[in-house]
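To keep things clear, I will list the structure first and then write my remarks on it.
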Amino acid sequence: MQVSMNINGEEISDDVEPRTLLVHFIRENAGLTGTNIGCDSSSCGACTLHLNGEAVKSCTVLAVQADGQELTTIEGLADGDILHPMQQAFHECHALQCGYCTPGMVMAAVSLLDEVPQPSEADVREGLEGNLCRCTGYHNIVAAVLQAAGGPR
Amino acid sequence: MIPVAFDYERATSTDHALSLLAEHGDEAKLLAGGHSLLPLMKYRLAAPAVVVDIGRLTDLSYIRSDGEVLAIGALTRHRDVEINDLVRSEVGLLAAATAKVGDPQVRHRGTLGGSLAHGDPASDLPAALIALRGTLIIQGPSGIREVAADDFFTGFLETDLGDDEMLTEVRIPKVPNARWSFQKFNRRAQDWAIVGAAVMVGSDSCGVGLVNMDSRPIRAMGVEAAVVSGASATDAAATAADGLEPPTDLNAGVDYRCHLARVLTRRGLEESGC
């Protein structure tokens, strides 16, 4: 089945089987490998990207469901060499260890601030409950999200 | 994990979806947000020959006041239910239970109707609907019918929905003055409840639905009767597990689940002012 979607401002079309998962389309058809596959069962959040502006787990969405929709992946956040404020905050707070969860964590955090612009620490911890860091590096991740939101409240 | 191959049909209207169901019978499954069905398909516990995608029927995504009832379209996403002012003020228990479903990403995609039609005794929303005495509007080839939540959930992952029918709306009596509590006990933030209790207490009424305490989402009738007759929260909650047959899994056996049901029901009743 022919599907077409706008990914990071670019129209991407391809012929896929209906059972193709969105995360596979992003990585293999669109060639955007910043979105990682972790648990592959909608638990870990490594595959989080934005579908029409909202964070979703792309391992649990079919590519055909995203046909005609707008997507943003981790590659679409930075403006050229200028990091997105969330990426900058992750960098400054050293909010990563092995880095595998980082793309999904950043995408979930950006979506969280869209919905809760001035979160408390509890809001951040609850808002990122769908993303697992198996290095258990949560302390600096929470600090980074609070910094990106303008400092702790 | 990749699902077994299937034919994909995208419904353009409720009537179109119903005609596709009529054509394909029990070989077809409806796909809404996909957060119950797709995991089953990826684990290959479900392998429908035809997937009918109803996710674009935006006319089934709404929350509106209809006299004494709040009407919610089956395709309303969890996030939209969770933050809706009408839901929060008129049927607050549903907003609280919805906020406990999965995680933010799941709530952006999953739908109220999809979760209910899945009929999972471990999921949060059926228990809330039972406590709130909600009803379900079902559309099929012979017309529209309304079913009470108690009669909708018929077994493990089984509901009253026929192969050629579709859940279109959920109706919940408004209880703006009721007090309520949603108690969910699990080991990790995004896990299913090991046991949960949805509690609603009005001036002369009480509703208690339990999560994961039987093969289907279940009403704690003994607790409700005890509360209405004036029993204390502790005495009423003591009956929470009576007659129920909870599952055993790696998280909990029968005795522990029954204990949790009594404790969570008591906490829920206390938080609801009993």
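By order of appearance in the structure tokens: chains A, B, ..., then residues from 1 within every chain, and ligands from 1 in the order shown.
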Exercise. Enumerate the residues of range 60-91 of chain A with a DSSP assignment of strand (DSSP E or B), computed from the backbone, and present them as a ChimeraX atom specification.
Key: /A:62,70-72,79,82
Residues from last step as file, N, CA and C atoms, as a PDB file, in the first residue's frame:
ATOM      1  N   LEU A  62       0.864   1.693  13.209  1.00  0.00           N
ATOM      2  CA  LEU A  62       1.163   1.183  11.868  1.00  0.00           C
ATOM      3  C   LEU A  62       1.529   2.356  10.954  1.00  0.00           C
ATOM      4  N   GLU A  70       1.524  14.429   9.908  1.00  0.00           N
ATOM      5  CA  GLU A  70       2.792  15.143  10.104  1.00  0.00           C
ATOM      6  C   GLU A  70       3.570  14.524  11.253  1.00  0.00           C
ATOM      7  N   LEU A  71       4.839  14.236  10.986  1.00  0.00           N
ATOM      8  CA  LEU A  71       5.673  13.628  12.014  1.00  0.00           C
ATOM      9  C   LEU A  71       6.920  14.464  12.264  1.00  0.00           C
ATOM     10  N   THR A  72       7.369  14.442  13.494  1.00  0.00           N
ATOM     11  CA  THR A  72       8.677  15.012  13.820  1.00  0.00           C
ATOM     12  C   THR A  72       9.475  13.945  14.549  1.00  0.00           C
ATOM     13  N   ASP A  79      17.747  23.211  14.691  1.00  0.00           N
ATOM     14  CA  ASP A  79      17.689  24.140  13.559  1.00  0.00           C
ATOM     15  C   ASP A  79      19.106  24.254  13.008  1.00  0.00           C
ATOM     16  N   ILE A  82      22.064  24.616  15.414  1.00  0.00           N
ATOM     17  CA  ILE A  82      21.555  25.125  16.694  1.00  0.00           C
ATOM     18  C   ILE A  82      20.623  24.095  17.311  1.00  0.00           C
TER      19      ILE A  82
END
Considering only C-alpha atoms, tabulate each residue of chain B that lies at most 8 Å from chain A along with its nearest interatomic pair and the corresponding distance in Å to one decimal; arrange the rows by chain and ascending residue number and present them as JSON lines.
{"residue": "B:Met1", "atom": "CA", "partner": "A:Asp40", "partner_atom": "CA", "distance": 6.8}
{"residue": "B:Ile2", "atom": "CA", "partner": "A:Arg19", "partner_atom": "CA", "distance": 7.0}
{"residue": "B:Pro3", "atom": "CA", "partner": "A:Arg19", "partner_atom": "CA", "distance": 6.0}
{"residue": "B:Val4", "atom": "CA", "partner": "A:Arg19", "partner_atom": "CA", "distance": 7.3}
{"residue": "B:Ala5", "atom": "CA", "partner": "A:Arg19", "partner_atom": "CA", "distance": 5.9}
{"residue": "B:Phe6", "atom": "CA", "partner": "A:Arg19", "partner_atom": "CA", "distance": 6.8}
{"residue": "B:Asp7", "atom": "CA", "partner": "A:Pro18", "partner_atom": "CA", "distance": 6.9}
{"residue": "B:Tyr8", "atom": "CA", "partner": "A:Pro18", "partner_atom": "CA", "distance": 6.0}
{"residue": "B:Gly34", "atom": "CA", "partner": "A:Val61", "partner_atom": "CA", "distance": 6.9}
{"residue": "B:His35", "atom": "CA", "partner": "A:Thr60", "partner_atom": "CA", "distance": 6.6}
{"residue": "B:Leu38", "atom": "CA", "partner": "A:Thr60", "partner_atom": "CA", "distance": 6.2}
{"residue": "B:Pro39", "atom": "CA", "partner": "A:Ser41", "partner_atom": "CA", "distance": 6.5}
{"residue": "B:Asp53", "atom": "CA", "partner": "A:Gln65", "partner_atom": "CA", "distance": 7.9}
{"residue": "B:Gly55", "atom": "CA", "partner": "A:Gln65", "partner_atom": "CA", "distance": 7.8}
{"residue": "B:Gly102", "atom": "CA", "partner": "A:Gly130", "partner_atom": "CA", "distance": 7.6}
{"residue": "B:Asp103", "atom": "CA", "partner": "A:Gly130", "partner_atom": "CA", "distance": 5.0}
{"residue": "B:Pro104", "atom": "CA", "partner": "A:Gly127", "partner_atom": "CA", "distance": 6.6}
{"residue": "B:Gln105", "atom": "CA", "partner": "A:Val56", "partner_atom": "CA", "distance": 4.5}
{"residue": "B:Val106", "atom": "CA", "partner": "A:Val56", "partner_atom": "CA", "distance": 6.7}
{"residue": "B:His108", "atom": "CA", "partner": "A:Val56", "partner_atom": "CA", "distance": 6.6}
{"residue": "B:Arg109", "atom": "CA", "partner": "A:Val56", "partner_atom": "CA", "distance": 6.9}
{"residue": "B:Ala189", "atom": "CA", "partner": "A:Glu129", "partner_atom": "CA", "distance": 6.3}
{"residue": "B:Gln190", "atom": "CA", "partner": "A:Glu129", "partner_atom": "CA", "distance": 6.6}
Exercise. Write out as a list of chain:residue names which residues come within 8 Å of Ala197 in chain B when counting only C-alpha atoms, dropping same-chain ones fewer than 6 positions away.
Key: B:Ala127, B:Phe182, B:Gln183, B:Lys184, B:Val208, B:Gly209, B:Leu210, B:Val211, B:Ala261, B:Leu264, B:Thr265, B:Gly268
Let's have the selection written as an mmCIF file, in the first residue's frame, with N, CA and C atoms.
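Okay, result-v4.cif is ready:
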data_model
loop_
_atom_site.group_PDB
_atom_site.id
_atom_site.type_symbol
_atom_site.label_atom_id
_atom_site.label_comp_id
_atom_site.auth_asym_id
_atom_site.auth_seq_id
_atom_site.Cartn_x
_atom_site.Cartn_y
_atom_site.Cartn_z
ATOM 1 N N ALA B 127 -13.679 -0.698 34.949
ATOM 2 C CA ALA B 127 -14.077 -0.620 36.367
ATOM 3 C C ALA B 127 -14.705 0.734 36.675
ATOM 4 N N PHE B 182 -10.029 6.672 42.669
ATOM 5 C CA PHE B 182 -9.539 5.569 41.841
ATOM 6 C C PHE B 182 -8.233 5.068 42.432
ATOM 7 N N GLN B 183 -8.261 3.837 42.900
ATOM 8 C CA GLN B 183 -7.093 3.241 43.556
ATOM 9 C C GLN B 183 -6.490 2.200 42.630
ATOM 10 N N LYS B 184 -5.232 2.418 42.254
ATOM 11 C CA LYS B 184 -4.557 1.478 41.353
ATOM 12 C C LYS B 184 -3.272 1.025 42.013
ATOM 13 N N VAL B 208 -18.961 0.592 42.953
ATOM 14 C CA VAL B 208 -17.588 0.099 43.111
ATOM 15 C C VAL B 208 -17.295 -0.902 42.003
ATOM 16 N N GLY B 209 -16.315 -0.593 41.167
ATOM 17 C CA GLY B 209 -15.867 -1.530 40.140
ATOM 18 C C GLY B 209 -14.444 -1.962 40.450
ATOM 19 N N LEU B 210 -14.157 -3.237 40.235
ATOM 20 C CA LEU B 210 -12.820 -3.745 40.568
ATOM 21 C C LEU B 210 -12.052 -4.155 39.310
ATOM 22 N N VAL B 211 -10.749 -3.874 39.348
ATOM 23 C CA VAL B 211 -9.842 -4.210 38.252
ATOM 24 C C VAL B 211 -9.098 -5.492 38.609
ATOM 25 N N ALA B 261 -7.830 -6.146 47.175
ATOM 26 C CA ALA B 261 -9.170 -5.642 46.852
ATOM 27 C C ALA B 261 -9.823 -5.025 48.091
ATOM 28 N N LEU B 264 -7.728 -1.714 49.025
ATOM 29 C CA LEU B 264 -7.920 -0.613 48.067
ATOM 30 C C LEU B 264 -9.353 -0.093 48.113
ATOM 31 N N THR B 265 -10.312 -1.016 48.295
ATOM 32 C CA THR B 265 -11.703 -0.578 48.386
ATOM 33 C C THR B 265 -11.901 0.274 49.638
ATOM 34 N N GLY B 268 -10.428 3.609 49.022
ATOM 35 C CA GLY B 268 -11.263 4.350 48.071
ATOM 36 C C GLY B 268 -12.515 4.901 48.746
#
Quiz item: So which residues touch range 147-151 of chain B within 8 Å, counting only C-alpha atoms, skipping near sequence neighbours fewer than 6 positions away, as a VMD selection string?
Solution: chain B and resid 126 129 to 130 133 to 138 160 218 to 219
Quiz item: Could you state the separation of CA of Glu121 in chain A and CA of Cys133 in chain A in Å, given to one decimal place?
Solution: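 CA of Glu121 in chain A sits 17.1 Å away from CA of Cys133 in chain A.
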Quiz item: Near range 143-149 of chain A, counting only C-alpha atoms, which residues have an atom at most 12 Å away, once you skip same-chain residues fewer than 6 positions from it, shown as a VMD selection string?
Solution: chain A and resid 83 to 96 102 105 to 125 127 to 128 137
Skip Gly114 in chain B itself and residues of its chain fewer than 3 positions away, then list as a short mmCIF file (atom, residue, chain, number, x, y, z; two decimals) with N, CA, C and O atoms, in the first residue's frame all residues within 12 Å of it, counting only C-alpha atoms.
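Produced file out-v2.cif, reproduced below:
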data_model
loop_
_atom_site.label_atom_id
_atom_site.label_comp_id
_atom_site.auth_asym_id
_atom_site.auth_seq_id
_atom_site.Cartn_x
_atom_site.Cartn_y
_atom_site.Cartn_z
N LYS B 29 -11.13 -7.21 12.43
CA LYS B 29 -11.07 -6.52 13.72
C LYS B 29 -11.05 -5.03 13.45
O LYS B 29 -10.42 -4.56 12.50
N LEU B 30 -11.72 -4.29 14.33
CA LEU B 30 -11.68 -2.83 14.24
C LEU B 30 -10.40 -2.31 14.90
O LEU B 30 -10.00 -2.77 15.96
N LEU B 31 -9.76 -1.34 14.24
CA LEU B 31 -8.56 -0.71 14.78
C LEU B 31 -8.89 0.76 15.07
O LEU B 31 -9.25 1.51 14.16
N ALA B 32 -8.79 1.17 16.33
CA ALA B 32 -9.04 2.57 16.67
C ALA B 32 -7.68 3.23 16.91
O ALA B 32 -6.97 3.56 15.96
N GLY B 33 -7.26 3.39 18.18
CA GLY B 33 -5.92 3.93 18.44
C GLY B 33 -4.85 2.85 18.30
O GLY B 33 -3.68 3.14 18.07
N GLY B 34 -5.28 1.60 18.47
CA GLY B 34 -4.36 0.47 18.27
C GLY B 34 -3.58 0.06 19.50
O GLY B 34 -2.74 -0.84 19.41
N HIS B 35 -3.83 0.69 20.65
CA HIS B 35 -2.97 0.38 21.79
C HIS B 35 -3.41 -0.82 22.61
O HIS B 35 -2.73 -1.19 23.57
N SER B 36 -4.50 -1.44 22.24
CA SER B 36 -4.83 -2.76 22.78
C SER B 36 -4.61 -3.83 21.70
O SER B 36 -4.01 -4.87 21.95
N LEU B 37 -5.09 -3.54 20.49
CA LEU B 37 -5.05 -4.54 19.42
C LEU B 37 -3.63 -4.78 18.88
O LEU B 37 -3.21 -5.93 18.68
N LEU B 38 -2.88 -3.69 18.59
CA LEU B 38 -1.57 -3.89 17.96
C LEU B 38 -0.60 -4.70 18.82
O LEU B 38 0.10 -5.58 18.28
N ASP B 53 -9.63 0.04 9.85
CA ASP B 53 -9.13 1.21 10.58
C ASP B 53 -10.24 2.26 10.70
O ASP B 53 -10.66 2.85 9.71
N ILE B 54 -10.73 2.44 11.94
CA ILE B 54 -11.76 3.46 12.16
C ILE B 54 -11.17 4.71 12.80
O ILE B 54 -11.90 5.61 13.23
N GLY B 55 -9.86 4.78 12.85
CA GLY B 55 -9.17 5.87 13.56
C GLY B 55 -9.42 7.25 12.99
O GLY B 55 -9.13 8.25 13.65
N LEU B 60 -16.73 10.55 15.67
CA LEU B 60 -16.95 9.74 16.87
C LEU B 60 -16.00 10.15 17.99
O LEU B 60 -15.79 9.41 18.94
N SER B 61 -15.39 11.33 17.85
CA SER B 61 -14.54 11.87 18.92
C SER B 61 -15.20 13.14 19.45
O SER B 61 -15.12 14.19 18.81
N GLY B 73 -17.95 10.15 22.63
CA GLY B 73 -17.76 9.34 21.43
C GLY B 73 -16.72 8.26 21.65
O GLY B 73 -15.72 8.48 22.34
N ALA B 74 -16.95 7.10 21.05
CA ALA B 74 -16.08 5.95 21.30
C ALA B 74 -14.64 6.20 20.89
O ALA B 74 -13.71 5.62 21.45
N LEU B 75 -14.43 7.09 19.91
CA LEU B 75 -13.07 7.31 19.41
C LEU B 75 -12.38 8.50 20.10
O LEU B 75 -11.37 9.00 19.61
N THR B 76 -12.93 8.95 21.21
CA THR B 76 -12.29 10.02 21.97
C THR B 76 -11.03 9.48 22.63
O THR B 76 -11.07 8.44 23.30
N ARG B 77 -9.93 10.16 22.42
CA ARG B 77 -8.66 9.66 22.95
C ARG B 77 -8.57 9.91 24.46
O ARG B 77 -9.15 10.85 24.98
N HIS B 78 -7.79 9.04 25.13
CA HIS B 78 -7.67 9.13 26.59
C HIS B 78 -7.26 10.53 27.03
O HIS B 78 -7.78 11.07 28.00
N ARG B 107 -1.73 7.48 26.12
CA ARG B 107 -2.99 8.24 26.23
C ARG B 107 -3.20 9.18 25.04
O ARG B 107 -4.31 9.61 24.78
N ARG B 109 -2.80 8.20 22.02
CA ARG B 109 -3.27 7.36 20.92
C ARG B 109 -4.51 6.54 21.28
O ARG B 109 -5.42 6.38 20.47
N GLY B 110 -4.50 5.95 22.47
CA GLY B 110 -5.57 5.04 22.86
C GLY B 110 -6.91 5.76 23.00
O GLY B 110 -6.96 6.94 23.31
N THR B 111 -7.99 5.02 22.73
CA THR B 111 -9.32 5.62 22.79
C THR B 111 -10.17 4.95 23.88
O THR B 111 -9.96 3.78 24.22
N ALA B 117 -13.96 -1.86 24.46
CA ALA B 117 -14.30 -2.96 23.56
C ALA B 117 -13.31 -4.11 23.66
O ALA B 117 -13.62 -5.24 23.30
N HIS B 118 -12.11 -3.81 24.17
CA HIS B 118 -11.10 -4.85 24.36
C HIS B 118 -11.51 -5.80 25.49
O HIS B 118 -11.14 -6.97 25.48
N GLY B 119 -12.25 -5.28 26.46
CA GLY B 119 -12.81 -6.14 27.51
C GLY B 119 -11.78 -6.79 28.41
O GLY B 119 -11.96 -7.93 28.86
N ASP B 120 -10.71 -6.09 28.71
CA ASP B 120 -9.64 -6.66 29.53
C ASP B 120 -9.94 -6.40 31.01
O ASP B 120 -10.05 -5.25 31.42
N SER B 123 -7.72 -3.80 32.78
CA SER B 123 -7.63 -2.40 32.40
C SER B 123 -8.51 -1.53 33.30
O SER B 123 -9.45 -2.00 33.93
N LEU B 125 -10.40 1.41 32.76
CA LEU B 125 -11.63 2.13 32.41
C LEU B 125 -12.91 1.32 32.59
O LEU B 125 -13.93 1.89 32.98
N PRO B 126 -12.90 0.01 32.31
CA PRO B 126 -14.14 -0.74 32.56
C PRO B 126 -14.62 -0.64 34.00
O PRO B 126 -15.82 -0.48 34.25
N LEU B 157 -11.52 -10.80 27.88
CA LEU B 157 -11.39 -10.20 26.56
C LEU B 157 -12.65 -10.44 25.70
O LEU B 157 -12.57 -10.46 24.48
N THR B 159 -16.79 -9.37 25.08
CA THR B 159 -17.86 -8.41 25.36
C THR B 159 -19.13 -8.82 24.63
O THR B 159 -19.13 -9.79 23.86
N MET B 166 -20.44 -2.32 16.26
CA MET B 166 -19.40 -1.37 16.60
C MET B 166 -19.87 -0.50 17.77
O MET B 166 -21.01 -0.04 17.79
N LEU B 167 -18.98 -0.32 18.73
CA LEU B 167 -19.26 0.59 19.85
C LEU B 167 -19.09 2.02 19.37
O LEU B 167 -18.04 2.37 18.82
N THR B 168 -20.12 2.84 19.54
CA THR B 168 -20.03 4.20 19.01
C THR B 168 -20.03 5.28 20.09
O THR B 168 -19.50 6.37 19.87
N GLU B 169 -20.65 5.00 21.24
CA GLU B 169 -20.74 6.05 22.26
C GLU B 169 -20.80 5.44 23.66
O GLU B 169 -21.28 4.32 23.83
N VAL B 170 -20.29 6.19 24.61
CA VAL B 170 -20.37 5.80 26.01
C VAL B 170 -21.17 6.87 26.74
O VAL B 170 -20.92 8.07 26.56
#
Pick out the residues sitting within 10 Å of Thr248 in chain B, and hand them over as a PDB file with N, CA, C and O atoms, in the first residue's frame; count only C-alpha atoms, and ignore anything fewer than 5 positions along from it in its own chain.
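Saved the output as out27.pdb:
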ATOM      1  N   ASN B 212      -9.071  -6.436  37.681  1.00  0.00           N
ATOM      2  CA  ASN B 212      -8.249  -7.640  37.816  1.00  0.00           C
ATOM      3  C   ASN B 212      -8.659  -8.525  38.988  1.00  0.00           C
ATOM      4  O   ASN B 212      -7.819  -9.177  39.599  1.00  0.00           O
ATOM      5  N   MET B 213      -9.945  -8.546  39.310  1.00  0.00           N
ATOM      6  CA  MET B 213     -10.422  -9.385  40.417  1.00  0.00           C
ATOM      7  C   MET B 213     -11.346 -10.495  39.944  1.00  0.00           C
ATOM      8  O   MET B 213     -11.937 -11.204  40.762  1.00  0.00           O
ATOM      9  N   GLY B 253      -1.002 -13.953  43.792  1.00  0.00           N
ATOM     10  CA  GLY B 253      -1.917 -15.093  43.845  1.00  0.00           C
ATOM     11  C   GLY B 253      -3.299 -14.634  44.293  1.00  0.00           C
ATOM     12  O   GLY B 253      -3.536 -13.441  44.503  1.00  0.00           O
ATOM     13  N   VAL B 254      -4.185 -15.617  44.471  1.00  0.00           N
ATOM     14  CA  VAL B 254      -5.575 -15.297  44.803  1.00  0.00           C
ATOM     15  C   VAL B 254      -5.678 -14.588  46.158  1.00  0.00           C
ATOM     16  O   VAL B 254      -6.340 -13.561  46.296  1.00  0.00           O
ATOM     17  N   ASP B 255      -4.998 -15.133  47.187  1.00  0.00           N
ATOM     18  CA  ASP B 255      -5.120 -14.553  48.534  1.00  0.00           C
ATOM     19  C   ASP B 255      -4.647 -13.101  48.552  1.00  0.00           C
ATOM     20  O   ASP B 255      -5.271 -12.233  49.161  1.00  0.00           O
ATOM     21  N   TYR B 256      -3.505 -12.856  47.885  1.00  0.00           N
ATOM     22  CA  TYR B 256      -2.946 -11.494  47.891  1.00  0.00           C
ATOM     23  C   TYR B 256      -3.882 -10.541  47.145  1.00  0.00           C
ATOM     24  O   TYR B 256      -4.119  -9.416  47.579  1.00  0.00           O
ATOM     25  N   ARG B 257      -4.429 -10.994  46.008  1.00  0.00           N
ATOM     26  CA  ARG B 257      -5.356 -10.123  45.266  1.00  0.00           C
ATOM     27  C   ARG B 257      -6.608  -9.812  46.104  1.00  0.00           C
ATOM     28  O   ARG B 257      -7.088  -8.681  46.103  1.00  0.00           O
TER      29      ARG B 257
END
Self-check item: Pairwise distance for CA of Phe152 in chain B and CA of Gly113 in chain B, rounded to one decimal in Å
Solution: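 We find that CA of Phe152 in chain B and CA of Gly113 in chain B lie 12.3 Å from each other.
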Using DSSP on the backbone coordinates, identify all residues within chain A classified as helix (DSSP H, G or I); present the result as a tab-separated table (two decimals) with C-alpha atoms, in the first residue's frame.
chain	number	residue	atom	x	y	z
A	22	LEU	CA	5.76	3.21	11.88
A	23	VAL	CA	9.14	2.87	13.58
A	24	HIS	CA	10.32	0.54	10.81
A	25	PHE	CA	9.06	2.95	8.15
A	26	ILE	CA	10.94	5.81	9.81
A	27	ARG	CA	14.18	3.86	10.15
A	28	GLU	CA	14.17	1.76	6.98
A	29	ASN	CA	12.08	3.61	4.41
A	58	SER	CA	6.06	4.44	17.01
A	59	CYS	CA	6.43	0.70	17.68
A	60	THR	CA	2.69	0.63	18.39
A	63	ALA	CA	2.74	3.17	9.04
A	64	VAL	CA	-0.67	3.14	7.33
A	65	GLN	CA	-2.17	4.88	10.37
A	66	ALA	CA	0.31	7.74	9.89
A	74	ILE	CA	14.67	13.62	16.81
A	75	GLU	CA	16.41	14.65	13.57
A	76	GLY	CA	13.77	17.35	13.08
A	85	PRO	CA	16.45	24.05	23.81
A	86	MET	CA	15.64	20.58	25.14
A	87	GLN	CA	18.65	19.05	23.39
A	88	GLN	CA	20.80	21.91	24.71
A	89	ALA	CA	19.54	21.30	28.25
A	90	PHE	CA	20.25	17.56	27.97
A	91	HIS	CA	23.75	18.46	26.79
A	92	GLU	CA	24.41	20.96	29.57
A	102	THR	CA	17.88	9.81	24.75
A	103	PRO	CA	16.03	10.46	21.45
A	104	GLY	CA	12.77	9.12	22.88
A	105	MET	CA	13.36	10.88	26.19
A	106	VAL	CA	13.93	14.23	24.43
A	107	MET	CA	10.84	13.82	22.23
A	108	ALA	CA	8.68	12.89	25.23
A	109	ALA	CA	10.07	15.85	27.19
A	110	VAL	CA	9.31	18.33	24.38
A	111	SER	CA	5.74	17.00	24.20
A	112	LEU	CA	5.45	17.27	28.00
A	113	LEU	CA	6.43	20.95	27.99
A	114	ASP	CA	3.93	21.61	25.19
A	115	GLU	CA	1.21	20.37	27.55
A	121	GLU	CA	9.69	18.06	39.44
A	122	ALA	CA	6.79	15.67	40.13
A	123	ASP	CA	5.13	16.70	36.85
A	124	VAL	CA	8.34	15.89	34.98
A	125	ARG	CA	8.81	12.52	36.67
A	126	GLU	CA	5.18	11.57	36.01
A	127	GLY	CA	5.25	13.02	32.50
A	138	TYR	CA	16.85	9.88	35.68
A	139	HIS	CA	18.29	12.51	38.02
A	140	ASN	CA	19.99	14.54	35.31
A	141	ILE	CA	17.20	13.91	32.81
A	142	VAL	CA	14.69	15.49	35.21
A	143	ALA	CA	17.13	18.36	35.84
A	144	ALA	CA	17.48	18.94	32.09
A	145	VAL	CA	13.73	19.08	31.50
A	146	LEU	CA	13.32	21.52	34.39
A	147	GLN	CA	16.16	23.65	33.00
A	148	ALA	CA	14.57	23.67	29.54
Self-check item: Among the residues B:Pro121, B:Gly207, B:Gly243, B:Gly140, the one that comes closest to Ala17 in chain B [using only C-alpha atoms]
Solution: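 Nearest candidate to Ala17 in chain B out of B:Pro121, B:Gly207, B:Gly243, B:Gly140: B:Gly140.
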Practice problem: Choose the residue, out of B:Leu269, B:Ala96, B:Ala226, B:Ile194, that has the smallest atom-to-atom separation from Leu250 in chain B; count only C-alpha atoms. | Solution: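 Among the listed residues, B:Ile194 lies closest to Leu250 in chain B.
Interatomic distance, CA of Thr33 in chain A against CA of Asn8 in chain A: 13.3 Å.
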Quiz prompt | Pick from B:Cys274, B:Arg171, B:Arg188, B:Ala252, whichever lies nearest to Leu132 in chain A using only C-alpha atoms | solution =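 The closest residue to Leu132 in chain A is B:Arg188.
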